[in-house]
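Chemist: First the structure, which I've put down as structure tokens, then a few questions once you've had a look.
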Number of protein chains: 2
Amino acid sequence: MNEGLAAPSTAAIVAIGSEMLGPLRQDTNSLWLTARLEDVGIPVVRKSIVGDDPARIREELDDASRAAAIVFTTGGLGPTADDMTVAVAAEWLGARLRRNEAFLTKMRERFSRRGFAMPVCNEKQADFIEGAEVLENPRGTAPGFWARREGVELVLLPGVPSEMKELMEKHVLPVLARRNEGKVGRRRVLRIAGMGESAVEEMVAPIYAKWKDDPVTILASPGEVQLHLATRGRPAEADGRLAAMEEDFRAVLGDRIFGQDAEDLPVVVGELLRRKGKTVALAESCTGGLVSSLLTDVPGSSAYFLGSVVSYANSAKSDLLDVSPETLAAHGAVSAEAAREMAEGARRRFDADMAVSITGIAGPDGGSPEKPVGTVFFALAERGAGGSGKKRLFVGDRGVIRRASAIHALEMLRRRLAGIGGAA
Amino acid sequence: MNEGLAAPSTAAIVAIGSEMLGPLRQDTNSLWLTARLEDVGIPVVRKSIVGDDPARIREELDDASRAAAIVFTTGGLGPTADDMTVAVAAEWLGARLRRNEAFLTKMRERFSRRGFAMPVCNEKQADFIEGAEVLENPRGTAPGFWARREGVELVLLPGVPSEMKELMEKHVLPVLARRNEGKVGRRRVLRIAGMGESAVEEMVAPIYAKWKDDPVTILASPGEVQLHLATRGRPAEADGRLAAMEEDFRAVLGDRIFGQDAEDLPVVVGELLRRKGKTVALAESCTGGLVSSLLTDVPGSSAYFLGSVVSYANSAKSDLLDVSPETLAAHGAVSAEAAREMAEGARRRFDADMAVSITGIAGPDGGSPEKPVGTVFFALAERGAGGSGKKRLFVGDRGVIRRASAIHALEMLRRRLAGIGGAA
């Protein structure tokens, strides 16, 4: 029912929830929403956050609808007393709420399948806004709504990120894309591991200058650097320009790029393992299970990931990974020698084709002049081949060092699997 | 000049800058501002972000000043063409801009000390808003301003976080604290694991009603529910009321509460392990190292965490955790029996005082009618005591199921360590 209209020229996002007005929680939905709206050529001109207060929500709908042609709200669709978006929006739209009995039945069934009686407070989630399109939410109970008032469109989305995204992808973005036959935004993210931000910046500086009319942004997180290329125009034109930009950047960065857009390193590594028919195991010390957790976040990872030993105690390094007590005594648990034996032990114990080990000092304690906090040793063992190792020094707090170490271990795996020489 | 007035009852924050409307940058100044304003008893009721567009900034000042008694802007005080906050605000206030020659001379001197001639574009930073208090900025060139229009106060702050904070600490917060005769905001977060949002809501509904004048917010994330209690008043009064609120909620929720404020569950579990002098090991299957990673995120966790086996492959369950092939054949790897043997195996292999195991189906594949996606078995083994297990069914995608399972495993540990009976 929201098909066929002219495309909205501008969007506003209103995040609803008192918790986001406190000092602890940030609205992050709007970042994702902004990127996806850019894809369909609709710039976000205003973002705001209000608490669970009917008067303030109403005011905010007034304000946002003056600033933009389409207003997205996130949050306040849940069952609790402070979830009031639907009621306030209906009033603002001048529409009535009507309880949908079929939906109520479905909700009750969902609860009873899990062995619960549906709490009474959930009933209001079956109150639908008359005249609005109902955006079905397969993940949660709360549906979204898409309505209009005096030329302004209003889309009510859940606050839970996975639900919000699914509703947008399924019910909203395809319609907006069709309606906006003209301009689109195009964005490409090139992702690099094993290099620092300034090293990447130095490599790309000349190309950066060449494409100065299109925004290129460099973003760094522990262990990873991202280049965001963006452009806008009619599809063919925007695609062409983006492709030319990407070609320039790839020519300089080459196999430093491990993936693009949403391709995470664990997904890329998993794909390579699957394609080569190889299995992998891990021996983790300072990363404490983080590398395993990243690899197994990927659906289907059981096809190539056999398991890992998180050997925090030295005795576990000996008992479960066969690191020799002599090695530990002579070189310490944080050493190239221990890393090599850990990788070989994990490979053998899991009977895996490859194994990577990580042992280091994540801090804040445990550093020494010879091995300061941030010192991490890595090794990679392969069936029928010797292990190889390396040492890195990462700068940052415990979380940064652990994260950078985990990405580094995955990048070692990627480079070996892809047959790329040189250091990770 | 802004001393001696009544304290503003509510605040709004407007972040100005087109970069914060893209998908990459977040406004983070507002979190700090919110916390510090709460400390002086002024709640933030609205936050918004607009681009560098005079019409939109003007509209935003209108909207924000309707919602709150004092409006803070951040950003747009710099020297470049897209820094236009001062000019727009002056117009909105109906005040003139007057160039301050003494300040201009100081700016020129600052540049020349660093060996530069001041660019012409910087001159506009010496344009002061007539009638406004000038908030000197020792770190940058751009001063802030504090003005009034029809009972609404407007404070213009720089966007650079260090400069914004210094101006607030030096020139704004002490004045607001004095005007507020010592009224303060107080906040307490109560954190609960192992219960759903609606179940918590049902338990606290009567108290919720009792404290309806003070905002209580319920927040859910996979495996955890948070209650945010907030109040304000004179310090003794606010502390007293918050303590009374907290007592009421604790009376109902009791030992369901695992921690408060920033106390994460892995920290609480670690503290209990340390206090009881116990060590722990893990056997993880569907969580794939996530529980280990959460526990070892905590500095000093090597004092009680010995390690874990992530047994993704069935052979790893047998070889490294001594799960009997008969058990796997008869009941499957996702079963109460396998969970019990995994926990016992991990406890023995690591010679730990306690061990927890997690085995389940995180999806998206692998579910069956008897064991649908989300089915997870847990077991806890202790030195000199038998294992105990339980089964849970979590709803959500792979990430949600893994996260909820990890929190559940940690909550099992917490309850056992704290000597709490009943199901986690």
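Letters A, B, ... mark the chains of the structure tokens in the order given; residue numbers begin at 1 per chain; ligand numbers begin at 1, in order shown.
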Give me, as a VMD selection string, the contact residues of chain B against chain A at a cut-off of 6 Å, counting only C-alpha atoms.

Modeler: chain B and resid 23 31 34 to 35 46 to 50 288 to 290 292 to 293 296 306 to 313

Chemist: DSSP says helix (DSSP H, G or I) for which residues of stretch 87-284 of chain A? Put them as an mmCIF file with N, CA and C atoms, in the first residue's frame?

Modeler:
```
data_model
loop_
_atom_site.group_PDB
_atom_site.id
_atom_site.type_symbol
_atom_site.label_atom_id
_atom_site.label_comp_id
_atom_site.auth_asym_id
_atom_site.auth_seq_id
_atom_site.Cartn_x
_atom_site.Cartn_y
_atom_site.Cartn_z
ATOM 1 N N ALA A 87 0.552 3.659 20.460
ATOM 2 C CA ALA A 87 -0.585 4.462 20.925
ATOM 3 C C ALA A 87 -0.399 5.942 20.580
ATOM 4 N N VAL A 88 0.791 6.455 20.830
ATOM 5 C CA VAL A 88 1.042 7.874 20.552
ATOM 6 C C VAL A 88 0.999 8.146 19.052
ATOM 7 N N ALA A 89 1.600 7.253 18.272
ATOM 8 C CA ALA A 89 1.625 7.461 16.824
ATOM 9 C C ALA A 89 0.212 7.428 16.247
ATOM 10 N N ALA A 90 -0.611 6.498 16.748
ATOM 11 C CA ALA A 90 -1.985 6.411 16.251
ATOM 12 C C ALA A 90 -2.710 7.737 16.506
ATOM 13 N N GLU A 91 -2.546 8.255 17.700
ATOM 14 C CA GLU A 91 -3.178 9.525 18.043
ATOM 15 C C GLU A 91 -2.664 10.638 17.133
ATOM 16 N N TRP A 92 -1.345 10.643 16.927
ATOM 17 C CA TRP A 92 -0.725 11.672 16.079
ATOM 18 C C TRP A 92 -1.246 11.574 14.641
ATOM 19 N N LEU A 93 -1.468 10.333 14.196
ATOM 20 C CA LEU A 93 -1.963 10.113 12.833
ATOM 21 C C LEU A 93 -3.459 10.390 12.734
ATOM 22 N N GLU A 101 -7.612 -9.959 16.317
ATOM 23 C CA GLU A 101 -7.801 -11.205 17.069
ATOM 24 C C GLU A 101 -6.967 -12.350 16.498
ATOM 25 N N ALA A 102 -6.837 -12.382 15.167
ATOM 26 C CA ALA A 102 -6.053 -13.460 14.549
ATOM 27 C C ALA A 102 -4.598 -13.378 14.998
ATOM 28 N N PHE A 103 -4.092 -12.152 15.052
ATOM 29 C CA PHE A 103 -2.707 -11.972 15.475
ATOM 30 C C PHE A 103 -2.531 -12.355 16.946
ATOM 31 N N LEU A 104 -3.525 -11.988 17.744
ATOM 32 C CA LEU A 104 -3.487 -12.309 19.173
ATOM 33 C C LEU A 104 -3.399 -13.817 19.374
ATOM 34 N N THR A 105 -4.181 -14.541 18.592
ATOM 35 C CA THR A 105 -4.153 -15.997 18.667
ATOM 36 C C THR A 105 -2.761 -16.522 18.319
ATOM 37 N N LYS A 106 -2.189 -15.973 17.246
ATOM 38 C CA LYS A 106 -0.847 -16.394 16.833
ATOM 39 C C LYS A 106 0.177 -16.139 17.943
ATOM 40 N N MET A 107 0.050 -14.982 18.593
ATOM 41 C CA MET A 107 0.970 -14.649 19.678
ATOM 42 C C MET A 107 0.849 -15.648 20.814
ATOM 43 N N ARG A 108 -0.427 -15.948 21.178
ATOM 44 C CA ARG A 108 -0.661 -16.901 22.267
ATOM 45 C C ARG A 108 -0.054 -18.258 21.932
ATOM 46 N N GLU A 109 -0.184 -18.659 20.656
ATOM 47 C CA GLU A 109 0.360 -19.946 20.234
ATOM 48 C C GLU A 109 1.879 -19.961 20.358
ATOM 49 N N ARG A 110 2.484 -18.850 19.968
ATOM 50 C CA ARG A 110 3.942 -18.763 20.043
ATOM 51 C C ARG A 110 4.428 -18.970 21.484
ATOM 52 N N PHE A 111 3.725 -18.312 22.398
ATOM 53 C CA PHE A 111 4.087 -18.470 23.806
ATOM 54 C C PHE A 111 3.877 -19.905 24.267
ATOM 55 N N SER A 112 2.737 -20.483 23.895
ATOM 56 C CA SER A 112 2.426 -21.810 24.435
ATOM 57 C C SER A 112 3.361 -22.867 23.856
ATOM 58 N N ARG A 113 3.864 -22.637 22.627
ATOM 59 C CA ARG A 113 4.859 -23.562 22.079
ATOM 60 C C ARG A 113 6.104 -23.602 22.944
ATOM 61 N N VAL A 120 -0.484 -10.885 30.198
ATOM 62 C CA VAL A 120 -1.548 -9.983 29.748
ATOM 63 C C VAL A 120 -0.966 -8.746 29.051
ATOM 64 N N CYS A 121 0.174 -8.287 29.549
ATOM 65 C CA CYS A 121 0.737 -7.053 28.990
ATOM 66 C C CYS A 121 1.064 -7.192 27.514
ATOM 67 N N ASN A 122 1.295 -8.412 27.028
ATOM 68 C CA ASN A 122 1.617 -8.589 25.620
ATOM 69 C C ASN A 122 0.428 -8.322 24.692
ATOM 70 N N GLU A 123 -0.794 -8.357 25.255
ATOM 71 C CA GLU A 123 -1.983 -8.231 24.392
ATOM 72 C C GLU A 123 -1.972 -6.975 23.546
ATOM 73 N N LYS A 124 -1.436 -5.890 24.106
ATOM 74 C CA LYS A 124 -1.513 -4.630 23.371
ATOM 75 C C LYS A 124 -0.695 -4.669 22.081
ATOM 76 N N GLN A 125 0.204 -5.659 21.967
ATOM 77 C CA GLN A 125 0.963 -5.771 20.729
ATOM 78 C C GLN A 125 0.107 -6.249 19.555
ATOM 79 N N ALA A 126 -1.120 -6.651 19.861
ATOM 80 C CA ALA A 126 -2.061 -7.016 18.797
ATOM 81 C C ALA A 126 -2.956 -5.846 18.409
ATOM 82 N N PRO A 161 17.741 -4.501 17.387
ATOM 83 C CA PRO A 161 18.406 -4.311 16.096
ATOM 84 C C PRO A 161 18.091 -5.400 15.071
ATOM 85 N N SER A 162 18.124 -6.670 15.474
ATOM 86 C CA SER A 162 17.898 -7.731 14.484
ATOM 87 C C SER A 162 16.488 -7.650 13.919
ATOM 88 N N GLU A 163 15.503 -7.308 14.768
ATOM 89 C CA GLU A 163 14.122 -7.198 14.290
ATOM 90 C C GLU A 163 13.958 -5.976 13.399
ATOM 91 N N MET A 164 14.547 -4.861 13.830
ATOM 92 C CA MET A 164 14.468 -3.631 13.050
ATOM 93 C C MET A 164 15.034 -3.859 11.645
ATOM 94 N N LYS A 165 16.194 -4.521 11.595
ATOM 95 C CA LYS A 165 16.851 -4.744 10.305
ATOM 96 C C LYS A 165 16.020 -5.658 9.410
ATOM 97 N N GLU A 166 15.459 -6.706 9.999
ATOM 98 C CA GLU A 166 14.691 -7.641 9.182
ATOM 99 C C GLU A 166 13.461 -6.958 8.590
ATOM 100 N N LEU A 167 12.770 -6.163 9.394
ATOM 101 C CA LEU A 167 11.597 -5.444 8.881
ATOM 102 C C LEU A 167 11.969 -4.496 7.746
ATOM 103 N N MET A 168 13.054 -3.772 7.935
ATOM 104 C CA MET A 168 13.490 -2.843 6.900
ATOM 105 C C MET A 168 13.841 -3.589 5.607
ATOM 106 N N GLU A 169 14.648 -4.652 5.739
ATOM 107 C CA GLU A 169 15.103 -5.387 4.552
ATOM 108 C C GLU A 169 13.941 -6.026 3.802
ATOM 109 N N LYS A 170 12.988 -6.525 4.587
ATOM 110 C CA LYS A 170 11.892 -7.276 3.962
ATOM 111 C C LYS A 170 10.798 -6.372 3.438
ATOM 112 N N HIS A 171 10.397 -5.386 4.245
ATOM 113 C CA HIS A 171 9.159 -4.672 3.947
ATOM 114 C C HIS A 171 9.354 -3.232 3.499
ATOM 115 N N VAL A 172 10.461 -2.598 3.843
ATOM 116 C CA VAL A 172 10.565 -1.157 3.607
ATOM 117 C C VAL A 172 11.557 -0.809 2.499
ATOM 118 N N LEU A 173 12.787 -1.307 2.608
ATOM 119 C CA LEU A 173 13.822 -0.901 1.652
ATOM 120 C C LEU A 173 13.492 -1.283 0.208
ATOM 121 N N PRO A 174 12.970 -2.488 -0.049
ATOM 122 C CA PRO A 174 12.650 -2.814 -1.445
ATOM 123 C C PRO A 174 11.611 -1.845 -2.034
ATOM 124 N N VAL A 175 10.646 -1.444 -1.231
ATOM 125 C CA VAL A 175 9.612 -0.515 -1.716
ATOM 126 C C VAL A 175 10.222 0.850 -1.995
ATOM 127 N N LEU A 176 11.045 1.346 -1.075
ATOM 128 C CA LEU A 176 11.663 2.659 -1.272
ATOM 129 C C LEU A 176 12.582 2.641 -2.492
ATOM 130 N N ALA A 177 13.279 1.532 -2.689
ATOM 131 C CA ALA A 177 14.178 1.430 -3.848
ATOM 132 C C ALA A 177 13.384 1.512 -5.146
ATOM 133 N N ARG A 178 12.235 0.815 -5.180
ATOM 134 C CA ARG A 178 11.404 0.863 -6.387
ATOM 135 C C ARG A 178 10.882 2.266 -6.631
ATOM 136 N N ARG A 179 10.466 2.924 -5.529
ATOM 137 C CA ARG A 179 9.887 4.256 -5.688
ATOM 138 C C ARG A 179 10.933 5.280 -6.114
ATOM 139 N N GLU A 197 46.575 2.082 10.779
ATOM 140 C CA GLU A 197 45.841 3.101 10.043
ATOM 141 C C GLU A 197 46.775 4.017 9.243
ATOM 142 N N SER A 198 47.883 4.450 9.857
ATOM 143 C CA SER A 198 48.744 5.390 9.141
ATOM 144 C C SER A 198 49.441 4.710 7.975
ATOM 145 N N ALA A 199 49.779 3.425 8.123
ATOM 146 C CA ALA A 199 50.412 2.713 7.014
ATOM 147 C C ALA A 199 49.456 2.640 5.825
ATOM 148 N N VAL A 200 48.169 2.353 6.124
ATOM 149 C CA VAL A 200 47.176 2.311 5.044
ATOM 150 C C VAL A 200 47.022 3.703 4.438
ATOM 151 N N GLU A 201 46.931 4.702 5.304
ATOM 152 C CA GLU A 201 46.749 6.080 4.839
ATOM 153 C C GLU A 201 47.884 6.502 3.904
ATOM 154 N N GLU A 202 49.115 6.138 4.256
ATOM 155 C CA GLU A 202 50.255 6.499 3.401
ATOM 156 C C GLU A 202 50.161 5.850 2.032
ATOM 157 N N MET A 203 49.741 4.576 2.024
ATOM 158 C CA MET A 203 49.642 3.871 0.747
ATOM 159 C C MET A 203 48.599 4.493 -0.172
ATOM 160 N N VAL A 204 47.485 4.923 0.402
ATOM 161 C CA VAL A 204 46.376 5.360 -0.457
ATOM 162 C C VAL A 204 46.342 6.875 -0.672
ATOM 163 N N ALA A 205 47.262 7.610 -0.065
ATOM 164 C CA ALA A 205 47.194 9.074 -0.126
ATOM 165 C C ALA A 205 47.045 9.627 -1.558
ATOM 166 N N PRO A 206 47.809 9.135 -2.526
ATOM 167 C CA PRO A 206 47.677 9.699 -3.879
ATOM 168 C C PRO A 206 46.283 9.486 -4.489
ATOM 169 N N ILE A 207 45.693 8.324 -4.226
ATOM 170 C CA ILE A 207 44.375 8.024 -4.808
ATOM 171 C C ILE A 207 43.298 8.819 -4.080
ATOM 172 N N TYR A 208 43.475 8.914 -2.803
ATOM 173 C CA TYR A 208 42.620 9.747 -1.955
ATOM 174 C C TYR A 208 42.425 11.118 -2.588
ATOM 175 N N ALA A 209 43.533 11.705 -3.024
ATOM 176 C CA ALA A 209 43.492 13.051 -3.627
ATOM 177 C C ALA A 209 42.735 13.017 -4.950
ATOM 178 N N LYS A 210 42.944 11.959 -5.717
ATOM 179 C CA LYS A 210 42.302 11.864 -7.035
ATOM 180 C C LYS A 210 40.781 11.848 -6.910
ATOM 181 N N PRO A 235 21.931 4.955 -11.158
ATOM 182 C CA PRO A 235 22.603 3.680 -10.889
ATOM 183 C C PRO A 235 23.844 3.413 -11.750
ATOM 184 N N ALA A 236 23.718 3.514 -13.080
ATOM 185 C CA ALA A 236 24.838 3.145 -13.943
ATOM 186 C C ALA A 236 26.041 4.047 -13.682
ATOM 187 N N GLU A 237 25.730 5.325 -13.555
ATOM 188 C CA GLU A 237 26.779 6.322 -13.324
ATOM 189 C C GLU A 237 27.473 6.075 -11.963
ATOM 190 N N ALA A 238 26.665 5.889 -10.934
ATOM 191 C CA ALA A 238 27.227 5.675 -9.593
ATOM 192 C C ALA A 238 28.015 4.363 -9.541
ATOM 193 N N ASP A 239 27.462 3.311 -10.162
ATOM 194 C CA ASP A 239 28.177 2.036 -10.185
ATOM 195 C C ASP A 239 29.522 2.179 -10.875
ATOM 196 N N GLY A 240 29.517 2.889 -12.009
ATOM 197 C CA GLY A 240 30.748 3.064 -12.779
ATOM 198 C C GLY A 240 31.799 3.806 -11.972
ATOM 199 N N ARG A 241 31.371 4.884 -11.337
ATOM 200 C CA ARG A 241 32.349 5.662 -10.588
ATOM 201 C C ARG A 241 32.876 4.868 -9.394
ATOM 202 N N LEU A 242 31.973 4.164 -8.735
ATOM 203 C CA LEU A 242 32.424 3.375 -7.585
ATOM 204 C C LEU A 242 33.408 2.287 -8.029
ATOM 205 N N ALA A 243 33.113 1.662 -9.160
ATOM 206 C CA ALA A 243 34.007 0.603 -9.654
ATOM 207 C C ALA A 243 35.390 1.165 -9.960
ATOM 208 N N ALA A 244 35.423 2.364 -10.559
ATOM 209 C CA ALA A 244 36.713 2.982 -10.891
ATOM 210 C C ALA A 244 37.483 3.328 -9.614
ATOM 211 N N MET A 245 36.763 3.844 -8.613
ATOM 212 C CA MET A 245 37.409 4.149 -7.333
ATOM 213 C C MET A 245 37.983 2.877 -6.733
ATOM 214 N N GLU A 246 37.158 1.841 -6.710
ATOM 215 C CA GLU A 246 37.573 0.591 -6.090
ATOM 216 C C GLU A 246 38.810 0.022 -6.786
ATOM 217 N N GLU A 247 38.825 0.100 -8.120
ATOM 218 C CA GLU A 247 39.953 -0.418 -8.883
ATOM 219 C C GLU A 247 41.239 0.294 -8.467
ATOM 220 N N ASP A 248 41.159 1.616 -8.349
ATOM 221 C CA ASP A 248 42.339 2.391 -7.949
ATOM 222 C C ASP A 248 42.861 1.955 -6.583
ATOM 223 N N PHE A 249 41.932 1.785 -5.631
ATOM 224 C CA PHE A 249 42.360 1.433 -4.280
ATOM 225 C C PHE A 249 42.880 -0.003 -4.231
ATOM 226 N N ARG A 250 42.239 -0.895 -4.962
ATOM 227 C CA ARG A 250 42.694 -2.287 -4.974
ATOM 228 C C ARG A 250 44.072 -2.419 -5.629
ATOM 229 N N ALA A 251 44.329 -1.577 -6.647
ATOM 230 C CA ALA A 251 45.624 -1.639 -7.329
ATOM 231 C C ALA A 251 46.758 -1.378 -6.343
ATOM 232 N N VAL A 252 46.517 -0.508 -5.397
ATOM 233 C CA VAL A 252 47.558 -0.167 -4.429
ATOM 234 C C VAL A 252 47.605 -1.177 -3.278
ATOM 235 N N LEU A 253 46.442 -1.605 -2.804
ATOM 236 C CA LEU A 253 46.400 -2.423 -1.579
ATOM 237 C C LEU A 253 46.482 -3.921 -1.851
ATOM 238 N N GLY A 254 46.052 -4.349 -3.029
ATOM 239 C CA GLY A 254 46.206 -5.746 -3.430
ATOM 240 C C GLY A 254 45.680 -6.735 -2.407
ATOM 241 N N ASP A 255 46.501 -7.759 -2.119
ATOM 242 C CA ASP A 255 46.012 -8.842 -1.259
ATOM 243 C C ASP A 255 46.025 -8.469 0.225
ATOM 244 N N ARG A 256 46.354 -7.209 0.519
ATOM 245 C CA ARG A 256 46.143 -6.723 1.888
ATOM 246 C C ARG A 256 44.646 -6.683 2.216
ATOM 247 N N LEU A 265 36.330 -11.100 8.612
ATOM 248 C CA LEU A 265 37.485 -11.984 8.441
ATOM 249 C C LEU A 265 37.153 -13.448 8.776
ATOM 250 N N PRO A 266 36.400 -13.734 9.855
ATOM 251 C CA PRO A 266 36.075 -15.142 10.134
ATOM 252 C C PRO A 266 35.263 -15.787 9.008
ATOM 253 N N VAL A 267 34.432 -15.007 8.340
ATOM 254 C CA VAL A 267 33.650 -15.539 7.217
ATOM 255 C C VAL A 267 34.574 -15.847 6.046
ATOM 256 N N VAL A 268 35.498 -14.940 5.768
ATOM 257 C CA VAL A 268 36.443 -15.126 4.660
ATOM 258 C C VAL A 268 37.324 -16.344 4.924
ATOM 259 N N VAL A 269 37.829 -16.467 6.148
ATOM 260 C CA VAL A 269 38.667 -17.607 6.504
ATOM 261 C C VAL A 269 37.863 -18.903 6.389
ATOM 262 N N GLY A 270 36.619 -18.871 6.871
ATOM 263 C CA GLY A 270 35.763 -20.044 6.792
ATOM 264 C C GLY A 270 35.526 -20.468 5.351
ATOM 265 N N GLU A 271 35.304 -19.489 4.487
ATOM 266 C CA GLU A 271 35.056 -19.777 3.073
ATOM 267 C C GLU A 271 36.279 -20.428 2.436
ATOM 268 N N LEU A 272 37.470 -19.913 2.771
ATOM 269 C CA LEU A 272 38.712 -20.493 2.242
ATOM 270 C C LEU A 272 38.903 -21.913 2.747
ATOM 271 N N LEU A 273 38.635 -22.148 4.032
ATOM 272 C CA LEU A 273 38.772 -23.494 4.596
ATOM 273 C C LEU A 273 37.837 -24.461 3.884
ATOM 274 N N ARG A 274 36.610 -24.010 3.671
ATOM 275 C CA ARG A 274 35.613 -24.845 3.029
ATOM 276 C C ARG A 274 36.039 -25.173 1.590
ATOM 277 N N ARG A 275 36.490 -24.128 0.887
ATOM 278 C CA ARG A 275 36.863 -24.313 -0.510
ATOM 279 C C ARG A 275 38.055 -25.254 -0.652
ATOM 280 N N LYS A 276 39.005 -25.146 0.294
ATOM 281 C CA LYS A 276 40.205 -25.987 0.207
ATOM 282 C C LYS A 276 39.985 -27.338 0.887
#
```

Chemist: Using only C-alpha atoms, determine which residues lie at most 10 Å from A:Gly151, disregarding the query and same-chain residues fewer than 4 positions distant; provide the list as a ChimeraX atom specification.

Modeler: /A:8,65,69-70

Chemist: Could you take the residues named above and write them with C-alpha atoms, as a PDB file, in the first residue's frame?

Modeler:
```pdb
ATOM      1  CA  PRO A   8      10.753  10.681  -0.077  1.00  0.00           C
ATOM      2  CA  SER A  65       7.894  15.505  10.158  1.00  0.00           C
ATOM      3  CA  ALA A  69       9.514  13.591   4.131  1.00  0.00           C
ATOM      4  CA  ILE A  70       9.711  10.231   5.857  1.00  0.00           C
TER       5      ILE A  70
END
```

Chemist: Could you name the residues that touch B:Gly384 at 12 Å or less, counting only C-alpha atoms, but leaving out those on the same chain fewer than 4 positions away, as a list in words?

Modeler: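 Listing them by chain and then by number gives Glu344, Arg347, Arg348, Asp351, Ala352, Asp353 and Met354 of chain B.
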
Chemist: Mind checking which residues fall within 9 Å of B:Leu156, counting only C-alpha atoms, ignoring those fewer than 2 positions away in the same chain, and posting them as number ranges by chain?

Modeler: B: 71-75, 77, 85-86, 89, 135, 143-147, 154, 158

Chemist: So that I have them on file, write out the residues from the current selection with N, CA and C atoms, as an mmCIF file, in the first residue's frame.

Modeler:
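Final file, selection_3.cif:
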```cif
data_model
loop_
_atom_site.group_PDB
_atom_site.id
_atom_site.type_symbol
_atom_site.label_atom_id
_atom_site.label_comp_id
_atom_site.auth_asym_id
_atom_site.auth_seq_id
_atom_site.Cartn_x
_atom_site.Cartn_y
_atom_site.Cartn_z
ATOM 1 N N VAL B 71 19.263 24.555 26.446
ATOM 2 C CA VAL B 71 19.656 23.819 25.245
ATOM 3 C C VAL B 71 21.167 23.913 25.090
ATOM 4 N N PHE B 72 21.815 22.772 24.962
ATOM 5 C CA PHE B 72 23.250 22.738 24.700
ATOM 6 C C PHE B 72 23.472 22.345 23.251
ATOM 7 N N THR B 73 24.292 23.116 22.532
ATOM 8 C CA THR B 73 24.704 22.648 21.213
ATOM 9 C C THR B 73 26.171 22.268 21.294
ATOM 10 N N THR B 74 26.563 21.271 20.500
ATOM 11 C CA THR B 74 27.983 20.946 20.372
ATOM 12 C C THR B 74 28.330 20.995 18.897
ATOM 13 N N GLY B 75 29.482 21.576 18.591
ATOM 14 C CA GLY B 75 29.979 21.586 17.217
ATOM 15 C C GLY B 75 29.637 22.841 16.444
ATOM 16 N N LEU B 77 31.636 25.426 15.831
ATOM 17 C CA LEU B 77 32.258 26.681 16.285
ATOM 18 C C LEU B 77 33.607 26.922 15.604
ATOM 19 N N THR B 85 27.401 27.651 13.589
ATOM 20 C CA THR B 85 26.555 27.664 14.778
ATOM 21 C C THR B 85 26.412 29.066 15.368
ATOM 22 N N VAL B 86 27.521 29.811 15.484
ATOM 23 C CA VAL B 86 27.477 31.117 16.125
ATOM 24 C C VAL B 86 26.583 32.070 15.336
ATOM 25 N N ALA B 89 22.928 30.963 15.655
ATOM 26 C CA ALA B 89 22.423 31.156 17.022
ATOM 27 C C ALA B 89 22.194 32.640 17.303
ATOM 28 N N LEU B 135 32.443 31.909 26.909
ATOM 29 C CA LEU B 135 33.065 30.819 27.669
ATOM 30 C C LEU B 135 34.444 30.570 27.069
ATOM 31 N N PRO B 143 35.738 30.094 21.261
ATOM 32 C CA PRO B 143 35.084 30.193 22.560
ATOM 33 C C PRO B 143 33.662 29.653 22.474
ATOM 34 N N GLY B 144 33.092 29.333 23.630
ATOM 35 C CA GLY B 144 31.677 28.976 23.679
ATOM 36 C C GLY B 144 30.863 30.185 24.107
ATOM 37 N N PHE B 145 29.539 30.069 24.093
ATOM 38 C CA PHE B 145 28.665 31.166 24.493
ATOM 39 C C PHE B 145 27.519 30.637 25.338
ATOM 40 N N TRP B 146 27.010 31.544 26.208
ATOM 41 C CA TRP B 146 25.875 31.173 27.060
ATOM 42 C C TRP B 146 24.914 32.349 27.009
ATOM 43 N N ALA B 147 23.740 32.116 26.435
ATOM 44 C CA ALA B 147 22.809 33.228 26.211
ATOM 45 C C ALA B 147 21.401 32.826 26.623
ATOM 46 N N LEU B 154 20.598 29.066 26.214
ATOM 47 C CA LEU B 154 21.283 28.410 25.096
ATOM 48 C C LEU B 154 22.780 28.436 25.370
ATOM 49 N N PRO B 158 31.977 23.706 21.917
ATOM 50 C CA PRO B 158 32.726 23.148 20.790
ATOM 51 C C PRO B 158 32.427 21.656 20.628
#
```

Chemist: Would you pick out the contacts of B:Ile401 at 9 Å or less, using only C-alpha atoms, so that residues sharing its chain but fewer than 3 positions from it are not included, and give the list as a list of chain:residue names?

Modeler: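 The filter keeps B:Pro222, B:Gly223, B:Cys286, B:Thr287, B:Ile361, B:Ala362, B:Gly363, B:Val373, B:Gly374, B:Thr375, B:Val376, B:Leu393, B:Phe394, B:Val395, B:Gly396, B:Asp397, B:Arg398, B:Ala404, B:Ser405, B:Ala406.
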
Chemist: With only C-alpha atoms as the basis for distance, which of A:Met412, A:Arg234, A:Ile358, A:Ala132 is at the shortest distance from A:Glu153?

Modeler: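 The answer is A:Ala132, which sits nearest to A:Glu153.
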
Chemist: Need to verify the contact set: A:Leu229, 7 Å, only C-alpha atoms, exclusion of same-chain residues closer than 5 positions in sequence. Can you return it as a ChimeraX atom specification?

Modeler: /A:187-189,215-217
